[in-house]
Amino acid sequence: MKRMIYIVLAALIGFAPATFAQKKAKTAKDNTVVLYITRHGKTILNTMDRVQGWADTPLTPAGVEVAEYLGKGLASEEVEFKAAYSSDLGRARQTARIVLDAKGQKDIPVIEVHQIRETNFGSYEGDYNTKMWNDAALYLHYKSYKELMADMEQKPELMEQMVNTFKALETLGIGEDYNEVKARGQKALKEIAEKEAAKGGGNVLVVGHDISIGIFLSDLDSFGKKPSAGHMGNAAVCKVTYKDGKFTLDSFGDMSYVEKGKKLSK
C-alpha cells in the first residue's frame with residue numbers, strides 16, 4: 001500500500017511540472033508578428049511641397065503633433081510594442097521616438113534600418129514635386145501631372161511606371177527604379193519579421209516613408225491582397241501580420257489611430 005502511494009505521489013510530482021511546462025511552451029509557440037508600418041510625421045520639405053527621398057528635413061511642429069497623436073491612439077487601443085525599427089533618415093527616426101514616448105514606452109530603443117528608406121529620386125531631390133511629376137507625366141504622354149494623378153486613382157499599378165520614369169529622367173544617375181526599392185524593402189521587412197518571430201513574436205513598430213511603403217507592400221501579401229490606395233497620410237498605419245513564413249496585409253493607410261489620439265488630446 002505504501003509502495004502504491006509512493007508511486008502515485010512520484011507520478012504527480014514528476015508529471016505536474018512537465019504538464020505545466022508543456023502548456024507554457026504551447027502558449028509561447030505562437031510566434032506571430034504584427035508589424036505596424038507607419039509613415040513619418042510632416043516635415044519642412046513636405047510643407048514646402050518639395051521632393052523628399054533620401055534628402056531629409058526634421059519634423060515641423062505639426063509633424064511632431066501628429067506623431068504624438070499616433071502614440072496616444074495606439075496606447076488607447078492597448079497596442080504594446082516588443083520592438084521598434086525606423087529607416088535611418090532623421091524624420092523616420094524622430095517619428096518613431098515620439099510615438100514610443102507618447103504611448104509610454106520610452107524604454108524601447110529604435111533600431112535604424114537603411115533598407116527601409118524612401119526611394120532615391122536623384123537630381124529631383126529637393127525640387128518641387130510638381131516639377132518631377134509633371135516631367136514624368138509629359139514623358140508618359142499625359143497633358144499634365146493632374147491628368148496623370150487622376151488616372152493613377154483608377155490604376156494604382158501605374159506607380160511602378162512612374163518610379164521607373166523618375167529614374168529615367170533624373171540626371172545624376174543615382175535614382176532607384178521600382179524593383180530596386182521593392183527588393184531592398186521586402187528583404188528588410190522579412191528579416192525584421194523573422195528576427196522578432198524567433199524571439200516569440202508580438203507587435204513591432206516600423207517607421208518608413210510614403211512611396212516606398214506602398215512599393216514594399218505592393219505584392220508582399222502571401223494571399224494576393226494589395227494596398228487599397230496609393231498615397232499615405234503622415235503617421236498613417238499599415239498593419240501587416242507575419243505567421244508561418246507568410247505575410248498578410250490587414251490594413252493600409254489607416255488614420256484611425258491618429259484620429260483617436262487627437263480626440264484624447266483635446
# chains A, B, ... in the order shown; residues from 1 in each chain; ligands from 1
$ residues_around --residues "region 150-157 of chain A" --least-positions-apart "2" --cutoff "12 Å" --atoms "only C-alpha atoms" --output "list in words"
Ala137, Leu140, Tyr142, Lys143, Ser144, Tyr145, Lys146, Glu147, Leu148, Met159, Glu160, Gln161, Met162, Val163, Tyr178, Ile211, Gly214, Ile215, Ser218, Asp219, Lys226, Pro227, Ser228, Ala229, Gly230 and His231 of chain A
$ write_last_selection --atoms "C-alpha atoms" --output "mmCIF file, in the first residue's frame"
data_model
loop_
_atom_site.group_PDB
_atom_site.id
_atom_site.type_symbol
_atom_site.label_atom_id
_atom_site.label_comp_id
_atom_site.auth_asym_id
_atom_site.auth_seq_id
_atom_site.Cartn_x
_atom_site.Cartn_y
_atom_site.Cartn_z
ATOM 1 C CA ALA A 137 3.501 62.961 -66.933
ATOM 2 C CA LEU A 140 4.319 59.308 -70.466
ATOM 3 C CA TYR A 142 -0.197 62.897 -70.358
ATOM 4 C CA LYS A 143 -1.146 66.563 -70.719
ATOM 5 C CA SER A 144 -0.270 67.350 -67.094
ATOM 6 C CA TYR A 145 0.505 65.752 -63.746
ATOM 7 C CA LYS A 146 -3.109 66.366 -62.701
ATOM 8 C CA GLU A 147 -4.311 64.155 -65.541
ATOM 9 C CA LEU A 148 -1.769 61.534 -64.523
ATOM 10 C CA MET A 159 3.120 53.704 -59.657
ATOM 11 C CA GLU A 160 5.709 51.241 -60.946
ATOM 12 C CA GLN A 161 5.815 53.041 -64.284
ATOM 13 C CA MET A 162 6.066 56.396 -62.525
ATOM 14 C CA VAL A 163 9.002 55.465 -60.301
ATOM 15 C CA TYR A 178 10.730 50.310 -58.641
ATOM 16 C CA ILE A 211 6.068 55.889 -51.674
ATOM 17 C CA GLY A 214 3.483 51.335 -50.923
ATOM 18 C CA ILE A 215 6.148 49.653 -53.034
ATOM 19 C CA SER A 218 2.588 46.024 -53.347
ATOM 20 C CA ASP A 219 2.858 42.230 -53.505
ATOM 21 C CA LYS A 226 -2.820 44.603 -52.471
ATOM 22 C CA PRO A 227 -2.811 48.094 -50.922
ATOM 23 C CA SER A 228 -6.168 49.787 -51.353
ATOM 24 C CA ALA A 229 -4.728 53.252 -52.011
ATOM 25 C CA GLY A 230 -1.559 54.881 -53.307
ATOM 26 C CA HIS A 231 -0.925 57.837 -51.017
#
$ residues_around --residues "Tyr128 (chain A)" --least-positions-apart "5" --cutoff "12 Å" --atoms "only C-alpha atoms" --output "list in words"
Leu45, Asn46, Thr47, Met48, Asp49, Arg50, Val51, Gln52, Phe121, Ser123, Trp133, Asn134 and Asp135 of chain A
$ write_last_selection --atoms "all heavy atoms" --output "CSV table (one decimal), in the first residue's frame"
chain,number,residue,atom,x,y,z
A,45,LEU,N,10.2,69.9,-45.8
A,45,LEU,CA,10.1,69.7,-47.2
A,45,LEU,C,8.7,69.3,-47.6
A,45,LEU,O,8.2,69.6,-48.7
A,45,LEU,CB,11.1,68.7,-47.8
A,45,LEU,CG,12.6,69.2,-47.9
A,45,LEU,CD1,13.5,68.1,-48.4
A,45,LEU,CD2,12.7,70.4,-48.8
A,46,ASN,N,8.0,68.5,-46.8
A,46,ASN,CA,6.6,68.2,-47.1
A,46,ASN,C,5.8,69.4,-47.1
A,46,ASN,O,5.0,69.6,-48.0
A,46,ASN,CB,6.0,67.3,-46.0
A,46,ASN,CG,6.5,65.8,-46.0
A,46,ASN,OD1,6.5,65.2,-44.9
A,46,ASN,ND2,6.9,65.3,-47.1
A,47,THR,N,6.0,70.3,-46.2
A,47,THR,CA,5.3,71.6,-46.1
A,47,THR,C,5.5,72.5,-47.3
A,47,THR,O,4.6,73.1,-47.8
A,47,THR,CB,5.7,72.3,-44.8
A,47,THR,OG1,5.4,71.5,-43.7
A,47,THR,CG2,4.8,73.6,-44.6
A,48,MET,N,6.8,72.4,-47.8
A,48,MET,CA,7.1,73.2,-49.0
A,48,MET,C,6.8,72.6,-50.3
A,48,MET,O,7.0,73.1,-51.4
A,48,MET,CB,8.6,73.5,-49.0
A,48,MET,CG,9.1,74.4,-47.8
A,48,MET,SD,10.9,74.4,-47.6
A,48,MET,CE,11.3,75.4,-49.1
A,49,ASP,N,6.2,71.3,-50.2
A,49,ASP,CA,5.8,70.5,-51.4
A,49,ASP,C,7.0,70.3,-52.3
A,49,ASP,O,7.0,70.4,-53.5
A,49,ASP,CB,4.7,71.2,-52.2
A,49,ASP,CG,4.0,70.3,-53.1
A,49,ASP,OD1,4.1,69.1,-52.9
A,49,ASP,OD2,3.4,70.7,-54.2
A,50,ARG,N,8.1,69.9,-51.7
A,50,ARG,CA,9.3,69.5,-52.4
A,50,ARG,C,9.6,68.0,-52.3
A,50,ARG,O,9.2,67.4,-51.3
A,50,ARG,CB,10.5,70.4,-51.9
A,50,ARG,CG,10.4,71.8,-52.3
A,50,ARG,CD,11.6,72.6,-51.9
A,50,ARG,NE,11.5,74.0,-52.3
A,50,ARG,CZ,12.1,74.5,-53.5
A,50,ARG,NH1,12.7,73.6,-54.3
A,50,ARG,NH2,12.0,75.8,-53.8
A,51,VAL,N,10.4,67.5,-53.3
A,51,VAL,CA,10.7,66.1,-53.3
A,51,VAL,C,11.6,65.7,-52.1
A,51,VAL,O,12.6,66.4,-51.9
A,51,VAL,CB,11.4,65.8,-54.7
A,51,VAL,CG1,11.8,64.3,-54.7
A,51,VAL,CG2,10.5,66.1,-55.8
A,52,GLN,N,11.2,64.7,-51.4
A,52,GLN,CA,12.0,64.3,-50.3
A,52,GLN,C,12.1,62.7,-50.3
A,52,GLN,O,11.3,62.0,-49.8
A,52,GLN,CB,11.2,64.7,-49.0
A,52,GLN,CG,12.0,64.5,-47.7
A,52,GLN,CD,11.3,65.0,-46.5
A,52,GLN,OE1,11.9,65.6,-45.7
A,52,GLN,NE2,10.0,64.9,-46.4
A,121,PHE,N,15.4,59.8,-55.5
A,121,PHE,CA,14.9,60.4,-56.7
A,121,PHE,C,16.0,61.2,-57.4
A,121,PHE,O,15.7,62.0,-58.3
A,121,PHE,CB,13.7,61.4,-56.3
A,121,PHE,CG,12.5,60.7,-55.8
A,121,PHE,CD1,12.2,60.8,-54.4
A,121,PHE,CD2,11.7,59.9,-56.6
A,121,PHE,CE1,11.1,60.1,-53.9
A,121,PHE,CE2,10.6,59.2,-56.0
A,121,PHE,CZ,10.3,59.4,-54.7
A,123,SER,N,18.4,63.6,-59.1
A,123,SER,CA,18.5,65.1,-59.3
A,123,SER,C,17.2,65.8,-58.9
A,123,SER,O,17.2,67.0,-58.8
A,123,SER,CB,18.9,65.4,-60.7
A,123,SER,OG,18.0,64.9,-61.6
A,133,TRP,N,6.7,65.4,-61.0
A,133,TRP,CA,5.6,64.7,-61.5
A,133,TRP,C,5.1,65.2,-62.9
A,133,TRP,O,4.7,64.4,-63.7
A,133,TRP,CB,4.4,64.8,-60.5
A,133,TRP,CG,4.6,64.0,-59.3
A,133,TRP,CD1,5.3,64.3,-58.2
A,133,TRP,CD2,4.2,62.6,-59.1
A,133,TRP,NE1,5.3,63.2,-57.3
A,133,TRP,CE2,4.6,62.2,-57.9
A,133,TRP,CE3,3.4,61.8,-59.9
A,133,TRP,CZ2,4.4,60.9,-57.4
A,133,TRP,CZ3,3.1,60.5,-59.4
A,133,TRP,CH2,3.6,60.1,-58.1
A,134,ASN,N,5.2,66.5,-63.2
A,134,ASN,CA,4.8,67.0,-64.5
A,134,ASN,C,5.8,66.5,-65.6
A,134,ASN,O,5.4,66.1,-66.7
A,134,ASN,CB,4.8,68.5,-64.5
A,134,ASN,CG,3.8,69.1,-65.5
A,134,ASN,OD1,2.7,68.7,-65.6
A,134,ASN,ND2,4.3,69.9,-66.4
A,135,ASP,N,7.1,66.5,-65.3
A,135,ASP,CA,8.1,65.9,-66.2
A,135,ASP,C,7.7,64.5,-66.6
A,135,ASP,O,7.7,64.1,-67.7
A,135,ASP,CB,9.5,66.0,-65.6
A,135,ASP,CG,10.1,67.4,-65.6
A,135,ASP,OD1,9.5,68.3,-66.1
A,135,ASP,OD2,11.2,67.5,-65.1
$ select_by_dssp --residues "region 83-210 of chain A" --states "strand (DSSP E or B)" --output "ChimeraX atom specification"
/A:83-86,110-112,128,202-208
$ write_last_selection --atoms "N, CA and C atoms" --output "compact mmCIF listing (two decimals), in the first residue's frame"
# COMPACT_ATOMS: atom_id res chain seq x y z
N ALA A 83 9.28 45.73 -30.03
CA ALA A 83 10.48 46.29 -30.65
C ALA A 83 10.06 47.41 -31.60
N ALA A 84 11.03 48.24 -31.98
CA ALA A 84 10.75 49.36 -32.88
C ALA A 84 11.90 49.54 -33.87
N TYR A 85 11.55 49.78 -35.12
CA TYR A 85 12.52 49.99 -36.19
C TYR A 85 12.13 51.25 -36.97
N SER A 86 13.12 51.88 -37.59
CA SER A 86 12.84 53.00 -38.49
C SER A 86 13.88 53.00 -39.58
N VAL A 110 15.11 52.50 -30.71
CA VAL A 110 14.73 52.49 -32.13
C VAL A 110 15.91 51.97 -32.94
N ILE A 111 15.69 50.86 -33.63
CA ILE A 111 16.75 50.25 -34.45
C ILE A 111 16.63 50.80 -35.87
N GLU A 112 17.70 51.41 -36.37
CA GLU A 112 17.68 52.01 -37.70
C GLU A 112 18.04 50.99 -38.78
N TYR A 128 10.70 70.93 -56.63
CA TYR A 128 9.26 70.92 -56.38
C TYR A 128 8.64 69.61 -56.88
N GLY A 202 5.00 39.19 -31.44
CA GLY A 202 4.45 40.37 -30.78
C GLY A 202 4.30 41.52 -31.74
N ASN A 203 3.92 42.68 -31.22
CA ASN A 203 3.72 43.87 -32.03
C ASN A 203 5.04 44.61 -32.23
N VAL A 204 5.26 45.06 -33.47
CA VAL A 204 6.51 45.74 -33.82
C VAL A 204 6.20 47.02 -34.58
N LEU A 205 6.78 48.13 -34.15
CA LEU A 205 6.64 49.41 -34.85
C LEU A 205 7.73 49.54 -35.91
N VAL A 206 7.31 49.93 -37.13
CA VAL A 206 8.26 50.18 -38.22
C VAL A 206 7.89 51.52 -38.84
N VAL A 207 8.80 52.50 -38.80
CA VAL A 207 8.51 53.82 -39.35
C VAL A 207 9.31 54.03 -40.63
N GLY A 208 8.58 54.30 -41.71
CA GLY A 208 9.20 54.49 -43.00
C GLY A 208 8.63 55.69 -43.75
